[in-house]
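Visitor: Pasting data26.cif below, which is mmCIF, C-alpha atoms and all ligand atoms.
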data_upload
loop_
_atom_site.label_atom_id
_atom_site.label_comp_id
_atom_site.auth_asym_id
_atom_site.auth_seq_id
_atom_site.Cartn_x
_atom_site.Cartn_y
_atom_site.Cartn_z
CA MET A 1 -35.06 73.30 0.75
CA MET A 2 -35.98 70.60 3.19
CA SER A 3 -38.37 68.88 0.83
CA ASP A 4 -35.84 69.35 -2.00
CA ILE A 5 -33.27 67.36 -0.06
CA GLN A 6 -35.76 64.64 0.80
CA ALA A 7 -36.81 64.34 -2.83
CA VAL A 8 -33.16 64.12 -4.00
CA GLN A 9 -32.45 61.47 -1.35
CA ALA A 10 -35.47 59.35 -2.23
CA ARG A 11 -34.70 59.44 -5.96
CA LEU A 12 -30.99 58.69 -5.52
CA VAL A 13 -31.59 55.80 -3.13
CA ASP A 14 -34.21 54.32 -5.50
CA ASP A 15 -31.77 54.60 -8.43
CA ILE A 16 -28.97 53.05 -6.37
CA ASN A 17 -31.11 50.11 -5.29
CA ALA A 18 -32.23 49.57 -8.85
CA ALA A 19 -28.67 49.60 -10.28
CA SER A 20 -28.26 46.24 -12.01
CA ASP A 21 -24.49 46.27 -12.39
CA LEU A 22 -21.35 47.81 -10.95
CA ASP A 23 -20.87 50.23 -13.88
CA THR A 24 -24.32 51.77 -13.41
CA LEU A 25 -23.69 52.05 -9.69
CA GLU A 26 -20.35 53.78 -10.28
CA ALA A 27 -22.00 56.24 -12.67
CA LEU A 28 -24.58 57.07 -9.97
CA ARG A 29 -21.87 57.58 -7.40
CA VAL A 30 -19.98 59.99 -9.66
CA ALA A 31 -23.20 61.88 -10.47
CA ALA A 32 -23.97 62.36 -6.76
CA LEU A 33 -20.67 62.43 -4.91
CA GLY A 34 -18.13 63.13 -7.65
CA LYS A 35 -16.40 66.51 -8.15
CA ALA A 36 -19.32 67.82 -10.21
CA GLY A 37 -21.91 65.68 -8.38
CA SER A 38 -25.24 66.90 -7.14
CA ILE A 39 -24.54 66.33 -3.46
CA THR A 40 -21.10 67.90 -3.83
CA ALA A 41 -22.83 70.96 -5.30
CA LEU A 42 -25.23 71.09 -2.34
CA LEU A 43 -22.30 70.93 0.10
CA LYS A 44 -20.73 73.86 -1.72
CA THR A 45 -23.87 76.00 -1.13
CA LEU A 46 -23.16 75.87 2.63
CA GLY A 47 -20.38 78.44 2.18
CA GLY A 48 -22.76 81.10 0.91
CA MET A 49 -25.32 80.67 3.70
CA SER A 50 -25.91 82.75 6.79
CA PRO A 51 -24.82 81.11 10.04
CA GLU A 52 -28.42 80.31 11.02
CA GLU A 53 -29.25 78.86 7.65
CA ARG A 54 -26.04 76.82 7.66
CA GLN A 55 -26.86 75.44 11.10
CA ALA A 56 -30.21 74.30 9.83
CA GLN A 57 -29.17 72.98 6.41
CA GLY A 58 -25.68 71.65 7.24
CA PRO A 59 -26.82 68.52 9.15
CA ARG A 60 -29.45 67.72 6.48
CA ILE A 61 -27.02 67.90 3.58
CA HIS A 62 -24.43 65.83 5.49
CA ALA A 63 -27.12 63.29 6.40
CA LEU A 64 -28.05 63.12 2.72
CA ARG A 65 -24.44 62.40 1.78
CA GLU A 66 -24.26 59.79 4.56
CA SER A 67 -27.36 57.92 3.46
CA VAL A 68 -26.39 57.93 -0.22
CA THR A 69 -22.87 56.69 0.62
CA THR A 70 -24.36 53.88 2.74
CA ALA A 71 -26.84 52.93 0.01
CA ILE A 72 -24.05 52.73 -2.57
CA ALA A 73 -21.90 50.55 -0.27
CA SER A 74 -24.68 48.09 0.46
CA ARG A 75 -25.74 47.89 -3.20
CA LYS A 76 -22.10 47.30 -4.17
CA ALA A 77 -21.83 44.47 -1.65
CA ALA A 78 -24.98 42.87 -3.04
CA LEU A 79 -23.77 43.15 -6.66
CA ASP A 80 -20.31 41.77 -5.71
CA ALA A 81 -21.88 38.78 -3.98
CA ALA A 82 -24.13 38.07 -6.97
CA ALA A 83 -21.17 38.29 -9.35
CA LEU A 84 -19.20 35.86 -7.19
CA ASP A 85 -22.12 33.42 -7.16
CA VAL A 86 -22.28 33.49 -10.95
CA LYS A 87 -18.52 32.94 -11.21
CA LEU A 88 -18.53 30.06 -8.73
CA ALA A 89 -21.45 28.42 -10.48
CA ALA A 90 -19.60 28.64 -13.80
CA GLU A 91 -16.37 27.24 -12.35
CA ALA A 92 -17.96 24.40 -10.38
CA ILE A 93 -16.39 20.95 -10.89
CA ASP A 94 -18.40 17.85 -10.02
CA MET A 95 -15.77 15.61 -8.45
CA THR A 96 -18.20 12.68 -8.41
CA LEU A 97 -18.54 12.51 -12.21
CA PRO A 98 -16.75 9.48 -13.74
CA ALA A 99 -13.96 10.38 -16.21
CA ALA A 100 -15.52 8.05 -18.77
CA ASP A 101 -15.17 10.20 -21.89
CA THR A 102 -11.60 11.33 -21.24
CA PRO A 103 -8.78 9.36 -22.82
CA ARG A 104 -7.14 7.11 -20.25
CA GLY A 105 -3.62 5.72 -20.21
CA SER A 106 -2.69 2.27 -18.95
CA VAL A 107 0.35 0.71 -17.34
CA HIS A 108 2.35 -1.30 -19.89
CA PRO A 109 2.56 -5.03 -19.04
CA VAL A 110 6.37 -4.75 -18.82
CA SER A 111 6.10 -2.02 -16.18
CA GLN A 112 3.41 -4.01 -14.40
CA VAL A 113 5.56 -7.17 -14.32
CA MET A 114 8.61 -5.21 -13.10
CA ASP A 115 6.47 -3.79 -10.28
CA GLU A 116 5.25 -7.29 -9.46
CA LEU A 117 8.84 -8.61 -9.37
CA ALA A 118 10.04 -5.75 -7.14
CA GLU A 119 7.17 -6.48 -4.74
CA ILE A 120 7.82 -10.24 -4.64
CA PHE A 121 11.58 -9.90 -4.17
CA ALA A 122 11.24 -7.08 -1.62
CA ASP A 123 9.32 -9.59 0.50
CA MET A 124 12.37 -11.89 0.34
CA GLY A 125 14.69 -9.07 1.38
CA PHE A 126 16.00 -8.00 -2.04
CA ALA A 127 16.67 -4.34 -2.84
CA VAL A 128 16.33 -2.92 -6.37
CA ALA A 129 19.61 -1.89 -8.07
CA THR A 130 20.15 -0.18 -11.41
CA GLY A 131 22.99 0.40 -13.85
CA PRO A 132 23.57 2.31 -17.10
CA GLU A 133 22.19 1.03 -20.42
CA ILE A 134 25.29 2.46 -22.15
CA GLU A 135 28.02 0.27 -20.69
CA ASP A 136 31.71 -0.21 -21.19
CA ASP A 137 33.24 -3.43 -22.37
CA TRP A 138 34.78 -4.22 -18.98
CA HIS A 139 31.53 -4.22 -16.99
CA ASN A 140 29.48 -5.95 -19.70
CA PHE A 141 32.07 -8.64 -20.57
CA THR A 142 35.57 -8.69 -19.11
CA ALA A 143 34.67 -8.47 -15.41
CA LEU A 144 32.06 -11.17 -16.02
CA ASN A 145 34.85 -13.52 -17.12
CA ILE A 146 34.13 -13.07 -20.83
CA PRO A 147 37.56 -12.21 -22.28
CA GLU A 148 38.11 -10.43 -25.60
CA THR A 149 38.47 -13.65 -27.58
CA HIS A 150 35.51 -15.43 -25.98
CA PRO A 151 32.85 -16.68 -28.42
CA ALA A 152 30.15 -15.44 -26.00
CA ARG A 153 30.86 -11.93 -27.24
CA ALA A 154 29.79 -12.92 -30.72
CA MET A 155 26.78 -14.78 -29.26
CA HIS A 156 25.48 -11.57 -27.71
CA ASP A 157 25.10 -9.73 -31.05
CA THR A 158 26.34 -6.58 -29.39
CA PHE A 159 25.57 -3.03 -30.54
CA TYR A 160 28.92 -1.22 -30.24
CA PHE A 161 29.46 2.55 -30.32
CA PRO A 162 31.95 3.79 -32.91
CA ASP A 163 34.14 5.57 -30.33
CA ALA A 164 35.91 4.36 -27.21
CA ASN A 165 35.57 6.23 -23.90
CA ALA A 166 38.31 8.34 -22.24
CA ASP A 167 39.95 5.19 -20.80
CA GLY A 168 40.12 3.59 -24.24
CA GLN A 169 37.22 1.25 -23.31
CA LYS A 170 34.90 0.10 -26.07
CA MET A 171 31.37 1.38 -25.36
CA LEU A 172 28.22 -0.61 -26.07
CA LEU A 173 24.54 -1.01 -25.28
CA ARG A 174 24.49 -3.55 -22.46
CA THR A 175 23.55 -6.99 -23.74
CA HIS A 176 22.30 -8.21 -20.34
CA THR A 177 21.67 -6.89 -16.82
CA SER A 178 24.65 -8.87 -15.47
CA PRO A 179 26.97 -5.79 -15.44
CA VAL A 180 24.81 -4.56 -12.54
CA GLN A 181 26.18 -7.56 -10.58
CA ILE A 182 29.67 -6.10 -11.05
CA ARG A 183 28.63 -2.53 -10.21
CA THR A 184 26.86 -3.71 -7.06
CA MET A 185 29.70 -5.94 -5.80
CA MET A 186 32.18 -3.11 -6.37
CA THR A 187 30.17 -0.54 -4.40
CA GLN A 188 28.40 -2.52 -1.67
CA GLU A 189 29.69 -4.61 1.20
CA PRO A 190 28.33 -8.17 1.31
CA PRO A 191 25.91 -9.59 2.29
CA ILE A 192 24.18 -8.50 -0.92
CA ARG A 193 20.65 -9.27 -2.07
CA ILE A 194 19.52 -7.30 -5.12
CA ILE A 195 17.42 -7.53 -8.22
CA ALA A 196 18.24 -5.29 -11.20
CA PRO A 197 15.42 -4.79 -13.72
CA GLY A 198 16.04 -2.92 -16.96
CA ARG A 199 16.39 -2.68 -20.71
CA VAL A 200 18.98 -4.71 -22.62
CA TYR A 201 19.91 -4.72 -26.31
CA ARG A 202 20.90 -7.31 -28.88
CA SER A 203 20.91 -7.18 -32.64
CA ASP A 204 18.17 -9.78 -33.08
CA SER A 205 14.58 -9.63 -34.33
CA ASP A 206 11.73 -12.13 -34.85
CA ALA A 207 8.41 -13.04 -33.13
CA THR A 208 10.18 -13.86 -29.86
CA HIS A 209 13.20 -11.51 -30.11
CA THR A 210 13.33 -7.71 -30.31
CA PRO A 211 16.52 -5.58 -30.46
CA MET A 212 15.55 -4.10 -27.09
CA PHE A 213 14.02 -6.27 -24.40
CA HIS A 214 13.89 -6.45 -20.62
CA GLN A 215 15.66 -8.57 -18.04
CA VAL A 216 15.73 -8.82 -14.30
CA GLU A 217 19.03 -9.81 -12.77
CA GLY A 218 19.17 -11.37 -9.32
CA LEU A 219 22.28 -11.49 -7.15
CA VAL A 220 22.93 -12.89 -3.68
CA ILE A 221 26.37 -12.72 -2.10
CA ASP A 222 26.87 -14.05 1.41
CA ARG A 223 28.72 -16.76 3.32
CA GLY A 224 27.88 -20.43 2.70
CA ILE A 225 25.48 -19.86 -0.22
CA HIS A 226 24.78 -22.94 -2.38
CA MET A 227 22.55 -24.20 -5.24
CA GLY A 228 19.77 -25.09 -2.79
CA HIS A 229 19.33 -21.40 -1.97
CA LEU A 230 19.13 -20.63 -5.69
CA LYS A 231 16.49 -23.28 -6.37
CA TRP A 232 14.35 -22.29 -3.36
CA THR A 233 14.51 -18.63 -4.32
CA LEU A 234 13.47 -19.27 -7.92
CA GLU A 235 10.66 -21.63 -6.89
CA THR A 236 9.31 -19.18 -4.31
CA PHE A 237 9.53 -16.33 -6.78
CA LEU A 238 7.79 -18.18 -9.64
CA LYS A 239 4.98 -19.47 -7.39
CA ALA A 240 4.33 -15.94 -6.15
CA TYR A 241 4.57 -14.50 -9.66
CA PHE A 242 2.25 -17.00 -11.35
CA GLU A 243 0.04 -17.08 -8.24
CA ARG A 244 -0.19 -20.87 -8.15
CA ASP A 245 1.50 -23.67 -6.23
CA ASP A 246 1.78 -26.31 -8.96
CA ILE A 247 4.71 -24.61 -10.66
CA VAL A 248 7.25 -27.19 -11.84
CA LEU A 249 10.81 -26.12 -12.59
CA ARG A 250 13.40 -27.96 -14.61
CA LEU A 251 17.06 -27.08 -14.06
CA ARG A 252 19.23 -28.01 -17.03
CA PRO A 253 23.03 -27.95 -16.79
CA SER A 254 24.28 -25.08 -18.90
CA TYR A 255 27.19 -22.76 -19.37
CA PHE A 256 27.70 -19.08 -18.62
CA PRO A 257 31.23 -17.69 -18.18
CA PHE A 258 30.17 -15.79 -15.03
CA THR A 259 28.54 -18.71 -13.19
CA GLU A 260 29.95 -22.10 -12.23
CA PRO A 261 28.06 -24.38 -12.16
CA SER A 262 25.37 -22.90 -14.40
CA ALA A 263 21.78 -23.96 -14.92
CA GLU A 264 19.07 -22.98 -17.33
CA VAL A 265 15.64 -23.01 -15.77
CA ASP A 266 12.50 -24.04 -17.66
CA VAL A 267 8.96 -23.81 -16.42
CA GLY A 268 6.25 -26.34 -17.41
CA TYR A 269 3.15 -25.09 -19.23
CA LYS A 270 0.28 -26.39 -21.31
CA GLN A 271 -1.64 -24.89 -24.19
CA GLU A 272 -5.31 -24.19 -23.40
CA LYS A 273 -7.71 -22.42 -25.77
CA GLY A 274 -4.76 -21.01 -27.65
CA ARG A 275 -3.30 -19.65 -24.43
CA ARG A 276 -0.29 -20.89 -22.50
CA ILE A 277 -1.13 -21.94 -18.94
CA VAL A 278 1.83 -22.31 -16.61
CA GLY A 279 1.86 -25.28 -14.25
CA GLY A 280 2.13 -29.04 -14.42
CA ASN A 281 4.84 -31.35 -15.55
CA GLY A 282 6.33 -30.70 -18.96
CA ASP A 283 6.56 -34.45 -19.63
CA ASP A 284 2.78 -34.96 -19.45
CA GLU A 285 0.70 -35.05 -22.57
CA GLY A 286 0.00 -31.59 -23.90
CA HIS A 287 2.67 -30.04 -21.73
CA ALA A 288 5.85 -28.35 -22.79
CA TRP A 289 8.76 -26.49 -21.23
CA MET A 290 9.45 -22.81 -21.66
CA GLU A 291 12.99 -21.61 -21.09
CA LEU A 292 12.79 -18.68 -18.67
CA LEU A 293 16.03 -18.14 -16.81
CA GLY A 294 19.77 -18.37 -16.87
CA SER A 295 21.34 -18.92 -13.47
CA GLY A 296 24.17 -20.39 -11.47
CA MET A 297 26.66 -19.95 -8.67
CA VAL A 298 28.67 -16.76 -9.16
CA ASN A 299 32.05 -17.73 -10.64
CA ARG A 300 34.97 -17.29 -8.18
CA ARG A 301 36.80 -15.27 -10.80
CA VAL A 302 33.91 -12.76 -11.00
CA ILE A 303 33.90 -12.36 -7.22
CA ALA A 304 37.67 -11.81 -7.27
CA ASN A 305 37.37 -9.33 -10.19
CA CYS A 306 35.18 -7.21 -7.91
CA GLY A 307 37.79 -7.19 -5.14
CA LEU A 308 36.08 -9.72 -2.86
CA ASP A 309 37.67 -12.90 -1.47
CA PRO A 310 35.93 -15.89 -3.11
CA ASP A 311 36.98 -18.13 -0.22
CA GLU A 312 34.90 -15.99 2.11
CA TRP A 313 32.03 -14.91 -0.15
CA GLN A 314 29.86 -17.06 -2.41
CA GLY A 315 26.62 -16.41 -4.13
CA PHE A 316 24.16 -17.15 -6.87
CA ALA A 317 22.88 -15.07 -9.76
CA PHE A 318 20.08 -15.36 -12.26
CA GLY A 319 18.76 -13.47 -15.26
CA VAL A 320 15.12 -13.59 -16.40
CA GLY A 321 13.43 -12.22 -19.49
CA VAL A 322 10.74 -9.86 -18.20
CA ASP A 323 8.86 -9.75 -21.51
CA ARG A 324 8.70 -13.55 -21.55
CA LEU A 325 7.39 -13.59 -18.01
CA ALA A 326 4.66 -11.16 -19.10
CA MET A 327 3.77 -13.24 -22.18
CA LEU A 328 3.47 -16.42 -20.11
CA LYS A 329 1.29 -14.85 -17.45
CA TYR A 330 -0.88 -12.55 -19.52
CA GLY A 331 -1.15 -14.55 -22.75
CA MET A 332 0.42 -12.40 -25.49
CA ASP A 333 2.15 -14.40 -28.20
CA ASP A 334 4.07 -11.82 -30.25
CA LEU A 335 6.84 -9.96 -28.49
CA ARG A 336 7.08 -7.32 -31.23
CA ALA A 337 3.60 -5.98 -30.32
CA PHE A 338 5.01 -5.00 -26.90
CA PHE A 339 6.92 -2.15 -28.50
CA ASP A 340 4.60 -1.06 -31.34
CA GLY A 341 2.73 1.48 -29.20
CA ASP A 342 -0.63 0.34 -30.68
CA LEU A 343 -3.33 1.88 -28.45
CA ARG A 344 -5.69 -1.08 -29.00
CA TRP A 345 -3.02 -3.49 -27.74
CA LEU A 346 -2.19 -1.18 -24.82
CA SER A 347 -5.81 -0.80 -23.73
CA HIS A 348 -6.34 -4.57 -24.02
CA TYR A 349 -3.20 -5.72 -22.20
CA GLY A 350 -2.48 -2.60 -20.11
CA PHE A 351 -3.20 -2.24 -16.41
CA ASN A 352 -5.08 0.32 -14.36
CA ALA A 353 -2.55 2.65 -12.78
CA LEU A 354 -4.42 2.49 -9.48
CA ASN A 355 -3.99 -1.30 -9.18
CA VAL A 356 -0.55 -1.32 -7.60
CA PRO A 357 0.72 -4.89 -7.10
CA THR A 358 1.09 -5.84 -3.45
CA LEU A 359 1.51 -9.23 -1.80
CA SER A 360 -1.34 -8.45 0.58
CA GLY A 361 -3.75 -7.08 -2.01
CA GLY A 362 -2.85 -9.43 -4.86
CA ILE A 363 0.13 -9.36 -7.18
CA SER A 364 -1.79 -8.83 -10.43
CA ALA A 365 -4.96 -7.45 -8.73
N1 LIG A 401 23.16 -12.72 -18.36
C1 LIG A 401 22.66 -13.99 -18.88
C2 LIG A 401 21.99 -13.75 -20.22
O1 LIG A 401 21.58 -12.68 -20.51
C3 LIG A 401 21.67 -14.60 -17.93
C4 LIG A 401 22.29 -14.98 -16.63
C5 LIG A 401 22.29 -14.11 -15.58
C6 LIG A 401 22.83 -16.24 -16.45
C7 LIG A 401 22.85 -14.46 -14.36
C8 LIG A 401 23.40 -16.62 -15.25
C9 LIG A 401 23.40 -15.72 -14.21
O2 LIG A 401 21.85 -14.68 -21.00
#
Just give me the structure of the file as structure tokens.
Ligand code: PHE

Guide:
Amino acid sequence: MMSDIQAVQARLVDDINAASDLDTLEALRVAALGKAGSITALLKTLGGMSPEERQAQGPRIHALRESVTTAIASRKAALDAAALDVKLAAEAIDMTLPAADTPRGSVHPVSQVMDELAEIFADMGFAVATGPEIEDDWHNFTALNIPETHPARAMHDTFYFPDANADGQKMLLRTHTSPVQIRTMMTQEPPIRIIAPGRVYRSDSDATHTPMFHQVEGLVIDRGIHMGHLKWTLETFLKAYFERDDIVLRLRPSYFPFTEPSAEVDVGYKQEKGRRIVGGNGDDEGHAWMELLGSGMVNRRVIANCGLDPDEWQGFAFGVGVDRLAMLKYGMDDLRAFFDGDLRWLSHYGFNALNVPTLSGGISA
């Protein structure tokens, strides 16, 4: 009996240590310790023994069960650890590998320029404001001193919606970002300093016009504001944007119903290797002027339309074409390509998403 038990123990422990997977190990456990297992059968023989015999054999059989149970547990731990190692090795990710073969997106030049503008104007104390692209007639025209019969309405080539809103207002796609001036003056107490970037829509299409394009509106409302503040602001902005000091501006008298006086602002550039380079005087040889901005002192009537007293509050406003700013700085010459979604164009003119424009790190990085 004694040698029997030792032989069973040696064989079982050998088999257990040799088990190469968890299923084999489980089968061995059932064969030894299960209901019909060999060790279970041995334990059952204790009942039929004499007290002396039981005293002698009992501890041996229990020790056998103990050692087999321990062997199974330690083999199971070893197999579990090996399985985990295999799984971890298969799931390993090398974080240091470059993502060279994966398709990469890029930041569209329009988004990049809007980020650049927000950064530049934030430094001058301007907050970013927004308004709806689906506007009503009052905010887009009437409040801006463009009455129903005004020819400016025809000039804007407006996309109208077929139905009026609940107040009987004609609805339209905003033709400029100027309605954000109105929305801001009606909801914020002066002093106000905001820029409002966004999409605008006009029924117009050629190499330099698309039915949807982008503007940035600027608005300052405070006491004692005059044209000098406007000119300084635009000069400071354009020098920071084009990242050069020899920017020359030309202010031409103009007309907008919502500003009085009004000025159109051109920037001097020259053509170099088929590319427009901003800077220098437009009257020099090889130089020309590019119209960039509409601007002026906010019309008293507009200030009054927003419930403010024009004797107390004055201000200036400007509107810039964002797409034009991008073309001038980054050298594209067809505006339509901006909105074609051609991946070759996007990867050529697009920006790395990690190069966030900052004044300290470089506006166009
Ligand atoms: N809203 C005008 C346009 O789209 C531009 C402008 C804005 C002019 C603000 C003056 C002041 O043409």

Visitor: Against ligand LIG 401 (chain A), which residues of chain A fall within 7 Å? For each one I want the closest pair of atoms and the distance in Å (one decimal), counting all atoms listed in the file, rows by chain and increasing residue number, as a Markdown table.

Guide:
| residue | atom | partner | partner_atom | distance |
| --- | --- | --- | --- | --- |
| A:Thr175 | CA | A:LIG401 | O1 | 6.8 |
| A:His176 | CA | A:LIG401 | O1 | 4.5 |
| A:Thr177 | CA | A:LIG401 | N1 | 6.2 |
| A:Ser178 | CA | A:LIG401 | N1 | 5.0 |
| A:Glu217 | CA | A:LIG401 | C5 | 6.1 |
| A:Gly218 | CA | A:LIG401 | C7 | 7.0 |
| A:Phe256 | CA | A:LIG401 | C8 | 6.0 |
| A:Phe258 | CA | A:LIG401 | C9 | 6.8 |
| A:Thr259 | CA | A:LIG401 | C8 | 5.9 |
| A:Ser262 | CA | A:LIG401 | C8 | 6.6 |
| A:Leu293 | CA | A:LIG401 | C3 | 6.8 |
| A:Gly294 | CA | A:LIG401 | C6 | 3.8 |
| A:Ser295 | CA | A:LIG401 | C8 | 3.6 |
| A:Gly296 | CA | A:LIG401 | C8 | 5.4 |
| A:Ala317 | CA | A:LIG401 | C9 | 4.5 |
| A:Phe318 | CA | A:LIG401 | C7 | 3.6 |
| A:Gly319 | CA | A:LIG401 | C5 | 3.6 |
| A:Val320 | CA | A:LIG401 | C3 | 6.8 |

Visitor: Show me, as a list in words, the residues that have an atom within 8 Å of stretch 53-67 of chain A when counting all atoms listed in the file, minus same-chain residues fewer than 5 positions from it.

Guide: Met2, Ile5, Gln9, Leu33, Ile39, Leu42, Leu43 and Leu46 of chain A

Visitor: Rounded to one decimal place, report the atom CA of A:Ser111-atom CA of A:Leu173 distance in Å.

Guide: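 Spanning atom CA of A:Ser111 to atom CA of A:Leu173 is a straight-line distance of 20.6 Å.
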
Visitor: Determine, counting only C-alpha atoms, which protein, DNA and RNA residues have an atom within 9 Å of an atom of A:Asp334; residues of the same chain fewer than 3 positions away are not included. Present the result as a ChimeraX atom specification.

Guide: /A:206-208,327,337-338

Visitor: Closest to A:Leu28 among A:Gly341, A:Arg250, A:Ser50, A:Lys76, using all atoms listed in the file?

Guide: A:Lys76

Visitor: Between A:Val180, A:Ala19, A:Leu234, A:Met171, which has the minimum distance to A:Arg75 (counting only C-alpha atoms)?

Guide: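 Counting only C-alpha atoms, the residue closest to A:Arg75 is A:Ala19.
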